[in-house]
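Note: the block below is input13.cif and it holds mmCIF, C-alpha atoms.
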```
data_data
loop_
_atom_site.label_atom_id
_atom_site.label_comp_id
_atom_site.auth_asym_id
_atom_site.auth_seq_id
_atom_site.Cartn_x
_atom_site.Cartn_y
_atom_site.Cartn_z
CA ASP A 1 118.94 75.46 86.40
CA ASP A 2 120.58 77.84 83.91
CA SER A 3 122.68 75.18 82.22
CA SER A 4 119.74 72.86 81.55
CA THR A 5 117.70 75.74 80.12
CA ASP A 6 120.56 76.76 77.87
CA ARG A 7 121.13 73.26 76.59
CA SER A 8 117.49 72.91 75.59
CA ILE A 9 117.70 75.74 73.07
CA PRO A 10 119.35 73.90 70.12
CA ILE A 11 116.98 70.91 70.25
CA GLN A 12 114.24 72.62 68.22
CA ASN A 13 115.72 71.51 64.88
CA LEU A 14 116.73 68.03 66.05
CA SER A 15 114.85 66.28 63.22
CA GLU A 16 117.01 68.00 60.58
CA GLU A 17 120.22 66.87 62.24
CA ARG A 18 118.91 63.32 62.62
CA GLU A 19 118.07 63.22 58.91
CA ILE A 20 121.61 64.33 58.04
CA MET A 21 123.20 61.78 60.37
CA ASN A 22 120.98 58.90 59.22
CA LYS A 23 122.31 59.28 55.66
CA GLY A 24 125.82 58.83 56.99
CA LYS A 25 127.82 59.29 53.77
CA GLY A 26 131.52 59.86 54.39
CA ASP A 27 131.57 59.03 58.12
CA ASP A 28 131.35 55.75 60.00
CA CYS A 29 130.35 57.25 63.39
CA ASN A 30 127.27 56.24 65.36
CA PRO A 31 124.69 58.82 64.18
CA PHE A 32 122.89 59.38 67.46
CA GLU A 33 126.02 59.38 69.62
CA PHE A 34 127.67 61.94 67.33
CA LEU A 35 124.49 64.03 67.16
CA SER A 36 124.58 64.37 70.94
CA THR A 37 128.26 65.34 70.77
CA TYR A 38 127.51 67.94 68.08
CA LEU A 39 124.69 69.55 70.07
CA GLU A 40 126.96 69.74 73.12
CA ALA A 41 129.70 71.34 71.00
CA ILE A 42 127.22 73.95 69.69
CA THR A 43 126.26 74.85 73.27
CA ASN A 44 129.90 75.03 74.38
CA ILE A 45 131.04 77.17 71.45
CA ARG A 46 128.25 79.63 72.14
CA MET A 47 129.49 80.01 75.71
CA ILE A 48 133.07 80.46 74.48
CA ILE A 49 131.99 83.21 72.07
CA LEU A 50 130.19 85.05 74.87
CA ALA A 51 133.14 84.62 77.25
CA GLN A 52 135.61 85.85 74.63
CA SER A 53 133.51 88.94 73.89
CA ARG A 54 133.77 89.93 77.55
CA SER A 55 137.48 89.21 77.92
CA ILE A 56 140.72 91.05 77.20
CA TRP A 57 141.33 88.70 74.26
CA PHE A 58 138.55 90.41 72.31
CA LEU A 59 140.58 93.64 72.28
CA LEU A 60 143.92 92.07 71.33
CA PRO A 61 145.11 90.81 67.93
CA GLN A 62 143.97 87.27 67.17
CA CYS A 63 147.56 86.00 67.12
CA PHE A 64 147.83 86.63 70.90
CA TYR A 65 144.52 84.84 71.54
CA ARG A 66 145.64 81.81 69.55
CA ALA A 67 149.10 81.70 71.13
CA PHE A 68 148.34 82.25 74.79
CA SER A 69 144.67 81.63 75.58
CA SER A 70 143.45 78.30 76.95
CA MET A 71 140.05 79.40 75.69
CA TYR A 72 141.31 79.08 72.12
CA LYS A 73 142.37 75.47 72.72
CA GLU A 74 138.87 74.67 73.97
CA GLU A 75 137.38 76.54 71.01
CA GLU A 76 139.38 74.42 68.55
CA LYS A 77 138.32 71.26 70.36
CA GLN A 78 134.65 72.15 69.95
CA MET A 79 135.10 73.38 66.38
CA LYS A 80 136.61 70.04 65.39
CA THR A 81 133.25 68.39 66.12
CA ILE A 82 131.29 71.20 64.43
CA ARG A 83 133.46 71.00 61.28
CA ARG A 84 133.01 67.24 61.16
CA PHE A 85 129.22 67.58 61.33
CA ALA A 86 129.26 70.34 58.68
CA ARG A 87 131.34 68.09 56.41
CA ILE A 88 128.77 65.30 56.76
CA ALA A 89 125.97 67.81 56.03
CA CYS A 90 127.73 68.93 52.84
CA GLN A 91 128.30 65.38 51.66
CA ASN A 92 124.72 64.29 52.36
CA ALA A 93 122.90 67.47 51.30
CA THR A 94 119.44 66.80 49.91
CA ILE A 95 119.04 67.53 46.18
CA GLY A 96 117.76 71.07 45.80
CA SER A 97 118.82 72.17 49.27
CA PRO A 98 121.04 75.27 49.71
CA LEU A 99 124.15 73.21 50.50
CA HIS A 100 123.56 70.92 47.53
CA MET A 101 123.22 73.90 45.17
CA LEU A 102 126.32 75.60 46.60
CA ARG A 103 128.42 72.55 45.68
CA SER A 104 127.85 73.44 41.99
CA ARG A 105 128.27 77.21 42.25
CA GLN A 106 131.51 78.95 41.38
CA SER A 107 131.29 81.09 44.52
CA HIS A 108 131.85 77.97 46.66
CA ASN A 109 133.46 75.70 44.07
CA PRO A 110 135.75 78.13 42.17
CA GLU A 111 137.33 75.46 39.98
CA MET A 112 134.02 73.59 39.53
CA LYS A 113 135.58 70.29 40.58
CA ASP A 114 133.41 67.22 40.06
CA ASP A 115 134.39 65.61 43.36
CA ILE A 116 133.02 68.68 45.22
CA LYS A 117 129.87 68.71 43.07
CA ASN A 118 129.03 65.10 43.96
CA GLY A 119 130.02 65.44 47.63
CA ASP A 120 133.15 63.29 47.58
CA ALA A 121 135.30 66.25 48.61
CA ILE A 122 134.66 69.43 50.60
CA ASN A 123 136.64 72.67 50.25
CA LYS A 124 137.03 75.44 52.83
CA GLU A 125 134.51 77.78 51.18
CA LEU A 126 131.75 75.19 51.31
CA LEU A 127 132.66 74.02 54.81
CA ASP A 128 132.58 77.56 56.23
CA GLU A 129 129.19 78.19 54.61
CA ALA A 130 127.79 74.94 56.05
CA ILE A 131 128.97 75.84 59.56
CA THR A 132 127.28 79.25 59.25
CA LEU A 133 124.00 77.84 57.93
CA LEU A 134 123.79 75.05 60.50
CA PHE A 135 124.80 77.16 63.49
CA ALA A 136 123.06 80.45 62.70
CA GLY A 137 119.89 78.94 61.23
CA GLN A 138 119.44 76.53 64.11
CA ASP A 139 120.40 78.71 67.03
CA THR A 140 118.46 81.84 66.08
CA SER A 141 115.19 80.06 65.29
CA ALA A 142 115.41 77.81 68.33
CA ALA A 143 116.17 80.69 70.71
CA THR A 144 113.27 82.77 69.38
CA LEU A 145 110.85 79.85 69.72
CA SER A 146 112.08 79.06 73.21
CA TRP A 147 111.62 82.63 74.47
CA THR A 148 108.22 82.89 72.76
CA LEU A 149 106.98 79.71 74.45
CA HIS A 150 108.38 80.93 77.77
CA LEU A 151 106.53 84.26 77.50
CA LEU A 152 103.30 82.54 76.47
CA SER A 153 103.54 80.27 79.51
CA LEU A 154 103.73 83.38 81.71
CA ASN A 155 100.76 85.02 79.97
CA PRO A 156 97.86 82.53 79.71
CA SER A 157 95.40 85.07 78.24
CA ILE A 158 97.77 85.84 75.36
CA GLN A 159 98.42 82.14 74.89
CA GLN A 160 94.66 81.50 74.62
CA ARG A 161 94.25 84.27 72.04
CA VAL A 162 97.08 82.85 69.90
CA THR A 163 95.60 79.36 70.14
CA LYS A 164 92.19 80.66 69.08
CA GLU A 165 93.67 82.49 66.09
CA VAL A 166 95.64 79.44 64.93
CA LYS A 167 92.61 77.15 65.22
CA GLU A 168 90.37 79.58 63.37
CA SER A 169 92.94 80.10 60.62
CA LEU A 170 93.31 76.36 60.08
CA SER A 171 89.54 75.85 60.14
CA ASN A 172 89.14 78.57 57.49
CA GLU A 173 91.53 76.55 55.32
CA GLY A 174 89.30 73.50 55.76
CA LEU A 175 91.82 71.76 58.03
CA ASN A 176 91.32 70.02 61.35
CA PRO A 177 93.50 71.80 63.96
CA ALA A 178 93.69 68.62 66.05
CA SER A 179 95.26 66.50 63.30
CA THR A 180 97.03 68.96 60.99
CA ASN A 181 100.82 68.78 61.10
CA ARG A 182 101.56 70.72 57.91
CA ILE A 183 101.19 74.49 58.23
CA THR A 184 102.27 76.51 55.21
CA LYS A 185 103.85 79.95 55.06
CA LYS A 186 100.65 81.23 53.46
CA MET A 187 98.61 80.09 56.48
CA VAL A 188 101.01 81.71 58.93
CA SER A 189 100.94 85.00 57.01
CA LYS A 190 97.25 85.32 57.90
CA MET A 191 97.89 84.94 61.65
CA SER A 192 98.47 88.58 62.55
CA TYR A 193 98.35 88.10 66.32
CA LEU A 194 100.85 85.24 66.18
CA ASP A 195 103.14 87.53 64.18
CA ALA A 196 102.76 90.24 66.84
CA VAL A 197 103.58 87.74 69.62
CA ILE A 198 106.79 86.70 67.88
CA ARG A 199 107.76 90.32 67.22
CA GLU A 200 107.24 91.19 70.87
CA SER A 201 109.24 88.16 71.97
CA MET A 202 112.12 89.23 69.74
CA ARG A 203 111.90 92.78 71.11
CA LEU A 204 112.25 91.59 74.70
CA PHE A 205 114.78 88.85 73.95
CA PRO A 206 116.63 89.63 70.70
CA VAL A 207 118.57 86.73 69.21
CA ALA A 208 121.71 88.88 69.17
CA PRO A 209 121.69 91.00 72.36
CA PHE A 210 124.45 93.14 70.90
CA VAL A 211 126.48 93.57 67.71
CA VAL A 212 130.03 94.85 67.35
CA ARG A 213 131.31 96.65 64.28
CA LYS A 214 134.71 98.08 63.39
CA ILE A 215 134.34 101.68 62.21
CA PRO A 216 136.28 102.04 58.91
CA GLU A 217 136.62 105.84 59.13
CA GLU A 218 136.27 108.59 61.72
CA VAL A 219 132.63 109.25 62.65
CA THR A 220 131.08 112.11 64.63
CA ILE A 221 127.59 111.78 66.09
CA PRO A 222 125.40 114.01 68.32
CA GLY A 223 125.90 113.36 72.02
CA ASP A 224 123.16 112.63 74.54
CA PRO A 225 122.17 116.01 76.06
CA GLU A 226 121.52 114.35 79.41
CA ILE A 227 125.09 113.05 79.52
CA SER A 228 127.38 115.28 77.48
CA GLY A 229 125.34 118.49 77.41
CA LYS A 230 123.39 120.25 74.68
CA GLY A 231 125.20 120.67 71.39
CA GLU A 232 128.03 118.32 72.33
CA THR A 233 129.23 115.67 69.89
CA ILE A 234 131.07 112.39 70.19
CA THR A 235 133.84 111.42 67.75
CA PHE A 236 134.87 107.83 67.14
CA PRO A 237 138.36 107.43 65.63
CA LYS A 238 138.95 105.15 62.67
CA ASP A 239 139.22 101.42 63.54
CA THR A 240 137.24 101.86 66.78
CA PHE A 241 135.14 98.86 67.80
CA ALA A 242 131.57 100.07 68.41
CA CYS A 243 129.10 97.95 70.37
CA ILE A 244 125.37 98.44 69.79
CA TRP A 245 123.46 97.06 72.77
CA ILE A 246 120.24 95.86 71.08
CA TYR A 247 118.80 94.40 74.30
CA SER A 248 118.98 97.82 75.95
CA LEU A 249 117.57 99.65 72.91
CA HIS A 250 114.55 97.35 72.89
CA ARG A 251 113.85 98.17 76.54
CA ASN A 252 114.62 101.89 76.42
CA GLN A 253 111.74 103.79 78.03
CA LYS A 254 112.35 106.70 75.67
CA LEU A 255 111.50 104.45 72.74
CA TRP A 256 108.85 102.10 74.16
CA HIS A 257 105.94 102.48 76.55
CA ARG A 258 105.90 99.70 79.15
CA PRO A 259 109.33 98.65 77.81
CA ASN A 260 109.74 95.58 80.05
CA ASP A 261 106.20 94.23 79.58
CA PHE A 262 105.05 91.63 77.07
CA VAL A 263 102.50 93.59 74.99
CA PRO A 264 101.95 92.01 71.54
CA GLU A 265 99.10 94.47 70.89
CA ARG A 266 101.66 97.28 70.47
CA TRP A 267 102.35 95.90 66.97
CA LEU A 268 98.66 95.89 65.94
CA ASP A 269 96.86 98.75 67.71
CA PRO A 270 97.50 102.15 66.00
CA ASN A 271 96.93 103.96 69.30
CA LEU A 272 99.56 101.87 71.06
CA GLN A 273 101.95 102.24 68.15
CA LYS A 274 101.80 106.03 68.57
CA MET A 275 102.95 105.58 72.17
CA ASP A 276 106.16 103.90 70.99
CA ALA A 277 108.70 106.40 69.65
CA ALA A 278 110.50 103.47 68.01
CA GLN A 279 107.44 102.85 65.81
CA THR A 280 106.67 106.43 64.82
#
```
Give the structure from this file in structure tokens form.
Amino acid sequence: DDSSTDRSIPIQNLSEEREIMNKGKGDDCNPFEFLSTYLEAITNIRMIILAQSRSIWFLLPQCFYRAFSSMYKEEEKQMKTIRRFARIACQNATIGSPLHMLRSRQSHNPEMKDDIKNGDAINKELLDEAITLLFAGQDTSAATLSWTLHLLSLNPSIQQRVTKEVKESLSNEGLNPASTNRITKKMVSKMSYLDAVIRESMRLFPVAPFVVRKIPEEVTIPGDPEISGKGETITFPKDTFACIWIYSLHRNQKLWHRPNDFVPERWLDPNLQKMDAAQT
């Protein structure tokens, strides 16, 4: 069902989270029990963000949302778990990792305190950065991989072509495709069809289906002749919230031929590229 599919998305990077929890510095919780709780919190907070974006609370000042919405209480409940996991990640960051380096940078440790450098204390700047890295890095990659695998399962011929390219690329590197578990960025850069498959997957199912931006000053843009008439313009007042529906743009028949079909070749074939207004 939909819920089981949704909950499978964050599991792609499970090994990273297990490594963090196994170190266990600064927290006496059961690693695997807490890991399960964290993954559930990530799923729940994603649903809360989507629900909030479609509700009246999104249009009102945050003070009203915090004061009157039961959704905010649930959000804080889930964020408590996410902050706790982020704190553990900061304290147990591997030497040389982004979080470890940020502990010694003035941008995230303004007073260059030793207890923050060695992981004994965590400030707000570092905690917020850890939450962003763990949530955004995990969720975006996992979602893209999940949709790519789903599309490949629906298109066996494309799946076979990708498999053939990967095997040939590894063989050219003198590696055995059946036993190799280390694939470098350099190897992947030579797999042009795999790159096209991932691009096409992200076109059909973008990680962020829409983005919202607050317009800092009044903006006037040309209107759509089919809607507002030729020569008409649309003016957005200052402080307007503008939503760009990426999912719709990526399936707009004015920009893409066969907009709803999975066609990785569109990214490789010059003749097909000319058929896509978005690529010309």
Would you pick out the contacts of stretch 63-75 of chain A at 12 Å or less, using all atoms listed in the file, so that residues sharing its chain but fewer than 6 positions from it are not included, and give the list as a ChimeraX atom specification?
/A:41-53,55-57,81-83
Could you spell out the hits of the PyMOL selection byres ((chain A and resi 239) around 12) on the shown file, as a JSON list (two decimals) with C-alpha atoms, keeping the file's coordinate frame?
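So the final result, stored in out_5.json, reads:
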```json
[["chain", "number", "residue", "atom", "x", "y", "z"],
["A", 59, "LEU", "CA", 140.58, 93.64, 72.28],
["A", 212, "VAL", "CA", 130.03, 94.85, 67.35],
["A", 213, "ARG", "CA", 131.31, 96.65, 64.28],
["A", 214, "LYS", "CA", 134.71, 98.08, 63.39],
["A", 215, "ILE", "CA", 134.34, 101.68, 62.21],
["A", 216, "PRO", "CA", 136.28, 102.04, 58.91],
["A", 217, "GLU", "CA", 136.62, 105.84, 59.13],
["A", 218, "GLU", "CA", 136.27, 108.59, 61.72],
["A", 219, "VAL", "CA", 132.63, 109.25, 62.65],
["A", 236, "PHE", "CA", 134.87, 107.83, 67.14],
["A", 237, "PRO", "CA", 138.36, 107.43, 65.63],
["A", 238, "LYS", "CA", 138.95, 105.15, 62.67],
["A", 240, "THR", "CA", 137.24, 101.86, 66.78],
["A", 241, "PHE", "CA", 135.14, 98.86, 67.80],
["A", 242, "ALA", "CA", 131.57, 100.07, 68.41]]
```
Please return as a PyMOL selection string every residue within 6 Å of (119.0, 94.0, 67.8), taking into account only C-alpha atoms and the file's own coordinates.
chain A and resi 206+208+246
Any chance you can output those residues with C-alpha atoms as a short mmCIF file (atom, residue, chain, number, x, y, z; two decimals), keeping the file's coordinate frame?
```cif
data_model
loop_
_atom_site.label_atom_id
_atom_site.label_comp_id
_atom_site.auth_asym_id
_atom_site.auth_seq_id
_atom_site.Cartn_x
_atom_site.Cartn_y
_atom_site.Cartn_z
CA PRO A 206 116.63 89.63 70.70
CA ALA A 208 121.71 88.88 69.17
CA ILE A 246 120.24 95.86 71.08
#
```
Expressed in Å, the length from atom CA of A:His250 to atom CA of A:Lys164 is 28.2 Å
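The shortest atom-to-atom distance to A:Leu133, with all atoms listed in the file taken into account, belongs to A:Pro98 out of A:Gly174, A:Pro98, A:Pro209, A:Pro222.
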Protein and nucleic acid residues near (95.6, 84.4, 66.5) (cut-off 6 Å, all atoms listed in the file) as a ChimeraX atom specification
/A:161-162,164-166,191,193-194
For the selection just defined, write its residues with C-alpha atoms to a file, as a PDB file, keeping the file's coordinate frame.
```pdb
ATOM      1  CA  ARG A 161      94.250  84.270  72.040  1.00  0.00           C
ATOM      2  CA  VAL A 162      97.080  82.850  69.900  1.00  0.00           C
ATOM      3  CA  LYS A 164      92.190  80.660  69.080  1.00  0.00           C
ATOM      4  CA  GLU A 165      93.670  82.490  66.090  1.00  0.00           C
ATOM      5  CA  VAL A 166      95.640  79.440  64.930  1.00  0.00           C
ATOM      6  CA  MET A 191      97.890  84.940  61.650  1.00  0.00           C
ATOM      7  CA  TYR A 193      98.350  88.100  66.320  1.00  0.00           C
ATOM      8  CA  LEU A 194     100.850  85.240  66.180  1.00  0.00           C
TER       9      LEU A 194
END
```
Any idea what's packed within 10 Å of A:Arg199, counting only C-alpha atoms, ignoring anything in its chain fewer than 6 positions away? Could you give it as an MDAnalysis selection string?
chainID A and resid 144 148 193 205:206 263:264 266:267
Among the residues A:Met275, A:Tyr247, A:Asp261, A:Val197, the one that comes closest to A:Gln160 [using only C-alpha atoms]:
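When distances to A:Gln160 are compared using only C-alpha atoms, the smallest one comes from A:Val197.
For the pair atom CA of A:Asp114 and atom CA of A:Leu102, the interatomic distance is 12.8 Å.
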d(atom CA of A:Ser248, atom CA of A:Arg203) in Å
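Interatomic distance, atom CA of A:Ser248 to atom CA of A:Arg203: 9.9 Å.
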Shell around stretch 119-122 of chain A at 10 Å using all atoms listed in the file, local window under 4 positions removed, as a list in words
Lys25, Gly26, Ala86, Arg87, Ile88, Ala89, Cys90, Gln91, Asn92, Ala93, His100, Arg103, His108, Asn109, Lys113, Asp114, Asp115, Leu126 and Leu127 of chain A
